[in-house]
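Read the structure below first, then the notes.
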Amino acid sequence: MKTWGESESVGENVREKYLSIQIVFSNFAGCMEKTNILITAEMKKRRKEIKEEAKTLLVGQVLSHPYFPHDIYINMSGIKEWLNQPHRHYSEKNEALLRLPELLNDAEYIDAVPDPKGRDYIMASHLFKTIIADSDSWIIINESIWGEYLVHSISDNIPYVNKEQDL
């Protein structure tokens, strides 16, 4: 059996127009689900446009949350990570970046958790629950050892959050 990359019936045009990413989700019963997201050339083009818009709109802006007593910033690394992050609602998640100040302000602050990657320059990751296209998502703000709070990413799959709790 040939894989997608080896198939002669698929053709070069299809490989150029589509990128399929596989996302693994943990459902409420703790079982793992795999979902393939098809990313079209149009979606990739819009992602690049959003990246440029977000750079102009968000970099250097001070973000805030009513129950989080620190200024929050976003840099290009955070924008790139947000846009690269897999999500059940990929396009909606990307578009939400342009509404980040409002999205963060309306989000529910959950808690600080240890950095899941164990980086020594990250003191904690702060989680803010929000909704993207009717699905729970978490905005992740990293607290650095030098006292900066930077938007790291967004995710709809936080394995270290017990989703059975009423978050």
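Residues in the structure tokens are named by chain (A, B, ... in the order shown) and by number from 1 within that chain; ligands are numbered from 1 in the order shown.
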Residues of segment 7-158 of chain A in helix (DSSP H, G or I) according to DSSP, as a tab-separated table (two decimals) with all heavy atoms, in the first residue's frame?
chain	number	residue	atom	x	y	z
A	11	GLY	N	-1.16	13.22	-7.07
A	11	GLY	CA	-0.62	14.27	-7.92
A	11	GLY	C	-0.01	15.42	-7.15
A	11	GLY	O	-0.32	15.66	-6.01
A	12	GLU	N	0.88	16.12	-7.82
A	12	GLU	CA	1.60	17.23	-7.20
A	12	GLU	C	0.67	18.37	-6.81
A	12	GLU	O	0.87	19.01	-5.79
A	12	GLU	CB	2.68	17.75	-8.16
A	12	GLU	CG	3.86	16.82	-8.30
A	12	GLU	CD	4.59	16.59	-6.99
A	12	GLU	OE1	4.85	17.56	-6.25
A	12	GLU	OE2	4.87	15.42	-6.69
A	13	ASN	N	-0.35	18.66	-7.61
A	13	ASN	CA	-1.23	19.78	-7.31
A	13	ASN	C	-1.93	19.62	-5.97
A	13	ASN	O	-2.09	20.58	-5.24
A	13	ASN	CB	-2.26	19.98	-8.41
A	13	ASN	CG	-1.64	20.50	-9.69
A	13	ASN	OD1	-0.55	21.07	-9.65
A	13	ASN	ND2	-2.31	20.30	-10.81
A	14	VAL	N	-2.35	18.43	-5.67
A	14	VAL	CA	-3.04	18.20	-4.41
A	14	VAL	C	-2.08	18.40	-3.24
A	14	VAL	O	-2.41	19.04	-2.26
A	14	VAL	CB	-3.67	16.79	-4.36
A	14	VAL	CG1	-4.25	16.49	-2.99
A	14	VAL	CG2	-4.75	16.67	-5.43
A	15	ARG	N	-0.87	17.88	-3.35
A	15	ARG	CA	0.11	18.04	-2.27
A	15	ARG	C	0.45	19.52	-2.06
A	15	ARG	O	0.71	19.95	-0.96
A	15	ARG	CB	1.36	17.23	-2.56
A	15	ARG	CG	1.20	15.77	-2.17
A	15	ARG	CD	2.53	15.06	-2.19
A	15	ARG	NE	3.06	14.89	-3.53
A	15	ARG	CZ	2.77	13.87	-4.34
A	15	ARG	NH1	1.95	12.94	-3.94
A	15	ARG	NH2	3.30	13.79	-5.54
A	16	GLU	N	0.46	20.30	-3.13
A	16	GLU	CA	0.75	21.72	-3.01
A	16	GLU	C	-0.41	22.49	-2.39
A	16	GLU	O	-0.22	23.46	-1.70
A	16	GLU	CB	1.08	22.32	-4.37
A	16	GLU	CG	2.42	21.87	-4.91
A	16	GLU	CD	2.68	22.37	-6.31
A	16	GLU	OE1	1.94	23.26	-6.78
A	16	GLU	OE2	3.61	21.86	-6.94
A	17	LYS	N	-1.64	22.07	-2.65
A	17	LYS	CA	-2.81	22.80	-2.19
A	17	LYS	C	-3.24	22.44	-0.77
A	17	LYS	O	-3.90	23.21	-0.11
A	17	LYS	CB	-4.00	22.55	-3.13
A	17	LYS	CG	-3.84	23.20	-4.47
A	17	LYS	CD	-5.07	22.99	-5.30
A	17	LYS	CE	-4.90	23.62	-6.67
A	17	LYS	NZ	-6.05	23.37	-7.52
A	41	ALA	N	-4.73	25.78	0.69
A	41	ALA	CA	-3.84	26.87	0.29
A	41	ALA	C	-4.45	28.21	0.68
A	41	ALA	O	-3.74	29.14	1.09
A	41	ALA	CB	-3.58	26.81	-1.21
A	42	GLU	N	-5.76	28.32	0.59
A	42	GLU	CA	-6.46	29.54	0.97
A	42	GLU	C	-6.30	29.82	2.47
A	42	GLU	O	-6.08	30.96	2.89
A	42	GLU	CB	-7.95	29.38	0.63
A	42	GLU	CG	-8.73	30.66	0.61
A	42	GLU	CD	-10.13	30.42	0.09
A	42	GLU	OE1	-10.28	30.08	-1.10
A	42	GLU	OE2	-11.07	30.56	0.89
A	43	MET	N	-6.38	28.77	3.28
A	43	MET	CA	-6.20	28.91	4.72
A	43	MET	C	-4.76	29.33	5.04
A	43	MET	O	-4.52	30.15	5.93
A	43	MET	CB	-6.55	27.60	5.44
A	43	MET	CG	-8.04	27.27	5.39
A	43	MET	SD	-8.40	25.57	5.83
A	43	MET	CE	-8.12	25.58	7.59
A	44	LYS	N	-3.80	28.76	4.32
A	44	LYS	CA	-2.40	29.11	4.53
A	44	LYS	C	-2.16	30.58	4.16
A	44	LYS	O	-1.43	31.29	4.85
A	44	LYS	CB	-1.49	28.19	3.72
A	44	LYS	CG	-1.43	26.77	4.28
A	44	LYS	CD	-0.82	25.77	3.34
A	44	LYS	CE	0.63	25.97	3.07
A	44	LYS	NZ	1.22	24.88	2.27
A	45	LYS	N	-2.79	31.03	3.08
A	45	LYS	CA	-2.66	32.42	2.65
A	45	LYS	C	-3.23	33.35	3.72
A	45	LYS	O	-2.62	34.36	4.07
A	45	LYS	CB	-3.38	32.63	1.32
A	45	LYS	CG	-3.31	34.04	0.82
A	45	LYS	CD	-4.06	34.22	-0.48
A	45	LYS	CE	-3.98	35.68	-0.90
A	45	LYS	NZ	-5.18	36.16	-1.51
A	46	ARG	N	-4.41	33.00	4.25
A	46	ARG	CA	-5.04	33.83	5.27
A	46	ARG	C	-4.18	33.85	6.55
A	46	ARG	O	-4.07	34.88	7.20
A	46	ARG	CB	-6.46	33.33	5.58
A	46	ARG	CG	-7.17	34.13	6.65
A	46	ARG	CD	-7.36	35.59	6.26
A	46	ARG	NE	-7.94	36.34	7.38
A	46	ARG	CZ	-7.61	37.58	7.70
A	46	ARG	NH1	-6.75	38.26	6.97
A	46	ARG	NH2	-8.15	38.17	8.74
A	47	ARG	N	-3.56	32.73	6.86
A	47	ARG	CA	-2.68	32.65	8.03
A	47	ARG	C	-1.53	33.65	7.90
A	47	ARG	O	-1.18	34.34	8.85
A	47	ARG	CB	-2.14	31.22	8.17
A	47	ARG	CG	-1.22	31.02	9.34
A	47	ARG	CD	-0.60	29.62	9.28
A	47	ARG	NE	0.46	29.49	10.24
A	47	ARG	CZ	1.71	29.92	10.08
A	47	ARG	NH1	2.06	30.50	8.95
A	47	ARG	NH2	2.60	29.76	11.01
A	48	LYS	N	-0.95	33.77	6.71
A	48	LYS	CA	0.13	34.73	6.48
A	48	LYS	C	-0.38	36.16	6.63
A	48	LYS	O	0.32	37.03	7.18
A	48	LYS	CB	0.74	34.55	5.09
A	48	LYS	CG	1.62	33.33	4.97
A	48	LYS	CD	2.21	33.21	3.59
A	48	LYS	CE	3.03	31.94	3.47
A	48	LYS	NZ	3.61	31.77	2.14
A	49	GLU	N	-1.58	36.43	6.13
A	49	GLU	CA	-2.17	37.76	6.27
A	49	GLU	C	-2.40	38.09	7.75
A	49	GLU	O	-2.11	39.21	8.19
A	49	GLU	CB	-3.50	37.83	5.52
A	49	GLU	CG	-3.37	37.73	4.02
A	49	GLU	CD	-4.69	37.54	3.30
A	49	GLU	OE1	-5.74	37.37	3.97
A	49	GLU	OE2	-4.67	37.55	2.05
A	50	ILE	N	-2.92	37.13	8.51
A	50	ILE	CA	-3.16	37.33	9.93
A	50	ILE	C	-1.85	37.60	10.65
A	50	ILE	O	-1.78	38.47	11.53
A	50	ILE	CB	-3.89	36.12	10.55
A	50	ILE	CG1	-5.32	36.04	10.01
A	50	ILE	CG2	-3.89	36.18	12.07
A	50	ILE	CD1	-6.05	34.76	10.35
A	51	LYS	N	-0.81	36.87	10.29
A	51	LYS	CA	0.51	37.07	10.91
A	51	LYS	C	0.97	38.52	10.74
A	51	LYS	O	1.43	39.15	11.70
A	51	LYS	CB	1.52	36.11	10.29
A	51	LYS	CG	2.91	36.20	10.86
A	51	LYS	CD	3.81	35.18	10.19
A	51	LYS	CE	5.24	35.36	10.54
A	51	LYS	NZ	6.11	34.44	9.80
A	52	GLU	N	0.84	39.07	9.54
A	52	GLU	CA	1.25	40.45	9.28
A	52	GLU	C	0.35	41.44	10.02
A	52	GLU	O	0.83	42.42	10.58
A	52	GLU	CB	1.26	40.73	7.77
A	52	GLU	CG	2.39	40.02	7.04
A	52	GLU	CD	3.76	40.31	7.64
A	52	GLU	OE1	4.09	41.48	7.88
A	52	GLU	OE2	4.51	39.34	7.88
A	53	GLU	N	-0.96	41.20	10.01
A	53	GLU	CA	-1.89	42.08	10.73
A	53	GLU	C	-1.61	42.06	12.22
A	53	GLU	O	-1.61	43.11	12.88
A	53	GLU	CB	-3.34	41.65	10.48
A	53	GLU	CG	-3.85	41.93	9.09
A	53	GLU	CD	-5.28	41.44	8.90
A	53	GLU	OE1	-6.14	41.75	9.76
A	53	GLU	OE2	-5.53	40.75	7.90
A	54	ALA	N	-1.38	40.87	12.78
A	54	ALA	CA	-1.12	40.74	14.21
A	54	ALA	C	0.18	41.42	14.60
A	54	ALA	O	0.28	42.04	15.67
A	54	ALA	CB	-1.09	39.26	14.60
A	55	LYS	N	1.17	41.34	13.73
A	55	LYS	CA	2.45	42.00	13.99
A	55	LYS	C	2.23	43.50	14.17
A	55	LYS	O	2.73	44.11	15.13
A	55	LYS	CB	3.40	41.72	12.82
A	55	LYS	CG	4.75	42.35	12.93
A	55	LYS	CD	5.58	41.98	11.70
A	55	LYS	CE	6.92	42.64	11.68
A	55	LYS	NZ	7.69	42.28	10.49
A	56	THR	N	1.46	44.10	13.28
A	56	THR	CA	1.18	45.54	13.35
A	56	THR	C	0.25	45.87	14.52
A	56	THR	O	0.48	46.85	15.24
A	56	THR	CB	0.51	46.00	12.03
A	56	THR	OG1	1.37	45.66	10.95
A	56	THR	CG2	0.24	47.48	12.03
A	57	LEU	N	-0.75	45.06	14.73
A	57	LEU	CA	-1.79	45.34	15.73
A	57	LEU	C	-1.36	45.04	17.16
A	57	LEU	O	-1.68	45.79	18.08
A	57	LEU	CB	-3.03	44.51	15.38
A	57	LEU	CG	-4.26	44.63	16.25
A	57	LEU	CD1	-4.88	46.01	16.08
A	57	LEU	CD2	-5.27	43.55	15.88
A	58	LEU	N	-0.62	43.95	17.38
A	58	LEU	CA	-0.41	43.44	18.73
A	58	LEU	C	0.99	43.61	19.32
A	58	LEU	O	1.12	43.80	20.53
A	58	LEU	CB	-0.77	41.95	18.78
A	58	LEU	CG	-2.22	41.61	18.45
A	58	LEU	CD1	-2.40	40.11	18.35
A	58	LEU	CD2	-3.16	42.19	19.50
A	76	MET	N	6.68	38.32	18.38
A	76	MET	CA	6.52	37.53	17.15
A	76	MET	C	6.57	36.04	17.42
A	76	MET	O	5.89	35.26	16.75
A	76	MET	CB	7.56	37.93	16.10
A	76	MET	CG	7.23	39.23	15.37
A	76	MET	SD	5.56	39.29	14.66
A	76	MET	CE	5.64	38.01	13.42
A	77	SER	N	7.34	35.62	18.41
A	77	SER	CA	7.36	34.19	18.75
A	77	SER	C	5.99	33.71	19.20
A	77	SER	O	5.55	32.63	18.82
A	77	SER	CB	8.38	33.92	19.87
A	77	SER	OG	9.67	34.17	19.42
A	78	GLY	N	5.30	34.52	20.00
A	78	GLY	CA	3.96	34.17	20.44
A	78	GLY	C	2.96	34.14	19.29
A	78	GLY	O	2.09	33.27	19.22
A	79	ILE	N	3.09	35.09	18.38
A	79	ILE	CA	2.20	35.11	17.20
A	79	ILE	C	2.42	33.87	16.35
A	79	ILE	O	1.47	33.20	15.95
A	79	ILE	CB	2.43	36.41	16.39
A	79	ILE	CG1	1.88	37.61	17.17
A	79	ILE	CG2	1.79	36.30	15.00
A	79	ILE	CD1	2.25	38.95	16.60
A	80	LYS	N	3.68	33.54	16.09
A	80	LYS	CA	3.99	32.36	15.28
A	80	LYS	C	3.51	31.09	15.97
A	80	LYS	O	2.95	30.19	15.32
A	80	LYS	CB	5.50	32.28	15.01
A	80	LYS	CG	6.00	33.33	14.06
A	80	LYS	CD	7.51	33.24	13.92
A	80	LYS	CE	8.06	34.35	13.06
A	80	LYS	NZ	9.53	34.32	12.99
A	81	GLU	N	3.73	30.98	17.27
A	81	GLU	CA	3.30	29.79	18.01
A	81	GLU	C	1.79	29.66	17.98
A	81	GLU	O	1.25	28.57	17.79
A	81	GLU	CB	3.81	29.86	19.45
A	81	GLU	CG	3.50	28.63	20.28
A	81	GLU	CD	4.20	27.36	19.81
A	81	GLU	OE1	5.31	27.45	19.25
A	81	GLU	OE2	3.62	26.28	19.99
A	82	TRP	N	1.08	30.75	18.17
A	82	TRP	CA	-0.40	30.75	18.11
A	82	TRP	C	-0.87	30.23	16.75
A	82	TRP	O	-1.72	29.35	16.67
A	82	TRP	CB	-0.92	32.16	18.35
A	82	TRP	CG	-2.41	32.32	18.39
A	82	TRP	CD1	-3.29	32.12	17.36
A	82	TRP	CD2	-3.19	32.73	19.51
A	82	TRP	NE1	-4.58	32.40	17.77
A	82	TRP	CE2	-4.54	32.78	19.08
A	82	TRP	CE3	-2.89	33.08	20.81
A	82	TRP	CZ2	-5.57	33.15	19.94
A	82	TRP	CZ3	-3.92	33.46	21.65
A	82	TRP	CH2	-5.24	33.49	21.21
A	83	LEU	N	-0.30	30.77	15.69
A	83	LEU	CA	-0.72	30.40	14.34
A	83	LEU	C	-0.30	28.98	13.97
A	83	LEU	O	-0.97	28.34	13.15
A	83	LEU	CB	-0.18	31.40	13.32
A	83	LEU	CG	-0.77	32.81	13.44
A	83	LEU	CD1	-0.01	33.77	12.54
A	83	LEU	CD2	-2.25	32.83	13.16
A	84	ASN	N	0.78	28.47	14.55
A	84	ASN	CA	1.23	27.11	14.26
A	84	ASN	C	0.51	26.06	15.09
A	84	ASN	O	0.59	24.87	14.79
A	84	ASN	CB	2.74	26.97	14.50
A	84	ASN	CG	3.54	27.60	13.40
A	84	ASN	OD1	3.11	27.69	12.27
A	84	ASN	ND2	4.72	28.07	13.75
A	90	TYR	N	-9.25	25.34	13.38
A	90	TYR	CA	-8.00	25.95	12.97
A	90	TYR	C	-8.17	27.39	12.46
A	90	TYR	O	-7.49	28.30	12.92
A	90	TYR	CB	-7.34	25.07	11.90
A	90	TYR	CG	-5.99	25.56	11.44
A	90	TYR	CD1	-4.86	25.30	12.20
A	90	TYR	CD2	-5.85	26.28	10.26
A	90	TYR	CE1	-3.61	25.75	11.79
A	90	TYR	CE2	-4.61	26.72	9.85
A	90	TYR	CZ	-3.50	26.46	10.61
A	90	TYR	OH	-2.26	26.91	10.21
A	91	SER	N	-9.05	27.61	11.53
A	91	SER	CA	-9.25	28.95	10.96
A	91	SER	C	-9.77	29.93	12.00
A	91	SER	O	-9.31	31.07	12.09
A	91	SER	CB	-10.19	28.91	9.77
A	91	SER	OG	-9.60	28.21	8.70
A	92	GLU	N	-10.74	29.50	12.78
A	92	GLU	CA	-11.34	30.36	13.80
A	92	GLU	C	-10.30	30.73	14.86
A	92	GLU	O	-10.26	31.86	15.35
A	92	GLU	CB	-12.54	29.69	14.46
A	92	GLU	CG	-13.71	29.49	13.53
A	92	GLU	CD	-13.66	28.19	12.71
A	92	GLU	OE1	-12.58	27.55	12.64
A	92	GLU	OE2	-14.70	27.82	12.15
A	93	LYS	N	-9.45	29.77	15.21
A	93	LYS	CA	-8.37	30.02	16.18
A	93	LYS	C	-7.41	31.07	15.63
A	93	LYS	O	-7.01	31.99	16.35
A	93	LYS	CB	-7.64	28.71	16.46
A	93	LYS	CG	-6.45	28.78	17.40
A	93	LYS	CD	-5.10	28.81	16.71
A	93	LYS	CE	-4.87	27.77	15.65
A	93	LYS	NZ	-3.58	27.95	14.98
A	94	ASN	N	-7.07	30.98	14.37
A	94	ASN	CA	-6.18	31.97	13.76
A	94	ASN	C	-6.82	33.36	13.73
A	94	ASN	O	-6.18	34.35	14.08
A	94	ASN	CB	-5.77	31.54	12.36
A	94	ASN	CG	-4.81	30.36	12.36
A	94	ASN	OD1	-4.26	30.01	13.41
A	94	ASN	ND2	-4.60	29.78	11.21
A	95	GLU	N	-8.08	33.43	13.34
A	95	GLU	CA	-8.79	34.71	13.30
A	95	GLU	C	-8.90	35.32	14.70
A	95	GLU	O	-8.85	36.54	14.87
A	95	GLU	CB	-10.19	34.54	12.70
A	95	GLU	CG	-10.20	34.16	11.22
A	95	GLU	CD	-9.71	35.26	10.27
A	95	GLU	OE1	-9.69	36.45	10.66
A	95	GLU	OE2	-9.33	34.91	9.14
A	96	ALA	N	-9.04	34.47	15.72
A	96	ALA	CA	-9.18	34.95	17.10
A	96	ALA	C	-7.94	35.73	17.56
A	96	ALA	O	-8.04	36.59	18.44
A	96	ALA	CB	-9.45	33.78	18.04
A	97	LEU	N	-6.79	35.45	16.97
A	97	LEU	CA	-5.58	36.17	17.33
A	97	LEU	C	-5.77	37.68	17.15
A	97	LEU	O	-5.29	38.48	17.95
A	97	LEU	CB	-4.39	35.68	16.51
A	97	LEU	CG	-3.06	36.38	16.74
A	97	LEU	CD1	-2.60	36.23	18.19
A	97	LEU	CD2	-2.01	35.83	15.79
A	98	LEU	N	-6.47	38.07	16.11
A	98	LEU	CA	-6.69	39.49	15.83
A	98	LEU	C	-7.61	40.14	16.86
A	98	LEU	O	-7.66	41.36	16.96
A	98	LEU	CB	-7.23	39.68	14.42
A	98	LEU	CG	-6.30	39.18	13.30
A	98	LEU	CD1	-6.98	39.31	11.95
A	98	LEU	CD2	-4.96	39.91	13.34
A	99	ARG	N	-8.35	39.33	17.60
A	99	ARG	CA	-9.23	39.83	18.67
A	99	ARG	C	-8.64	39.53	20.05
A	99	ARG	O	-9.36	39.50	21.05
A	99	ARG	CB	-10.61	39.15	18.58
A	99	ARG	CG	-11.36	39.38	17.31
A	99	ARG	CD	-12.78	38.80	17.34
A	99	ARG	NE	-13.02	37.75	18.32
A	99	ARG	CZ	-12.90	36.43	18.09
A	99	ARG	NH1	-12.54	35.99	16.92
A	99	ARG	NH2	-13.17	35.55	19.03
A	100	LEU	N	-7.33	39.28	20.12
A	100	LEU	CA	-6.71	38.85	21.36
A	100	LEU	C	-6.97	39.76	22.55
A	100	LEU	O	-7.29	39.27	23.63
A	100	LEU	CB	-5.21	38.62	21.17
A	100	LEU	CG	-4.44	38.14	22.39
A	100	LEU	CD1	-5.00	36.80	22.90
A	100	LEU	CD2	-2.97	38.00	22.09
A	101	PRO	N	-6.87	41.09	22.43
A	101	PRO	CA	-7.14	41.92	23.61
A	101	PRO	C	-8.53	41.68	24.20
A	101	PRO	O	-8.68	41.50	25.41
A	101	PRO	CB	-7.00	43.35	23.08
A	101	PRO	CG	-6.06	43.22	21.92
A	101	PRO	CD	-6.42	41.88	21.30
A	102	GLU	N	-9.53	41.62	23.35
A	102	GLU	CA	-10.91	41.36	23.80
A	102	GLU	C	-11.06	39.93	24.30
A	102	GLU	O	-11.68	39.68	25.34
A	102	GLU	CB	-11.86	41.61	22.63
A	102	GLU	CG	-13.30	41.25	22.90
A	102	GLU	CD	-14.16	41.32	21.64
A	102	GLU	OE1	-13.80	42.05	20.70
A	102	GLU	OE2	-15.18	40.62	21.61
A	103	LEU	N	-10.48	38.99	23.57
A	103	LEU	CA	-10.57	37.57	23.93
A	103	LEU	C	-9.96	37.33	25.31
A	103	LEU	O	-10.55	36.65	26.16
A	103	LEU	CB	-9.85	36.74	22.87
A	103	LEU	CG	-10.09	35.25	22.83
A	103	LEU	CD1	-11.52	34.95	22.41
A	103	LEU	CD2	-9.11	34.60	21.87
A	104	LEU	N	-8.78	37.90	25.56
A	104	LEU	CA	-8.10	37.73	26.84
A	104	LEU	C	-8.87	38.43	27.95
A	104	LEU	O	-9.04	37.88	29.05
A	104	LEU	CB	-6.67	38.27	26.75
A	104	LEU	CG	-5.80	38.10	27.97
A	104	LEU	CD1	-5.64	36.62	28.32
A	104	LEU	CD2	-4.44	38.73	27.74
A	105	ASN	N	-9.37	39.61	27.69
A	105	ASN	CA	-10.12	40.36	28.69
A	105	ASN	C	-11.38	39.61	29.13
A	105	ASN	O	-11.76	39.65	30.30
A	105	ASN	CB	-10.49	41.74	28.15
A	105	ASN	CG	-11.06	42.63	29.23
A	105	ASN	OD1	-10.36	42.94	30.20
A	105	ASN	ND2	-12.30	43.02	29.09
A	106	ASP	N	-12.01	38.90	28.21
A	106	ASP	CA	-13.25	38.17	28.51
A	106	ASP	C	-13.00	36.74	28.99
A	106	ASP	O	-13.94	36.05	29.37
A	106	ASP	CB	-14.15	38.12	27.27
A	106	ASP	CG	-14.65	39.50	26.87
A	106	ASP	OD1	-14.60	40.42	27.71
A	106	ASP	OD2	-15.08	39.66	25.71
Query raised in the report: Using only C-alpha atoms, which residues sit within 6 Å of segment 140-154 of chain A once same-chain residues fewer than 5 positions away are excluded, as number ranges by chain?
Result: A: 72-74, 78, 81-82, 121-127
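The nearest approach to Asp111 of chain A among the residues A:Asp136, A:Phe68, A:Ile39, A:Arg88, with only C-alpha atoms taken into account, belongs to A:Phe68.
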Requested in this report: Within segment 55-162 of chain A, find each residue whose DSSP state, derived from the backbone, is strand (DSSP E), and express the selection as a PyMOL selection string.
Outcome: chain A and resi 63-65+68-72+108-113+122-132+135-144+149-155
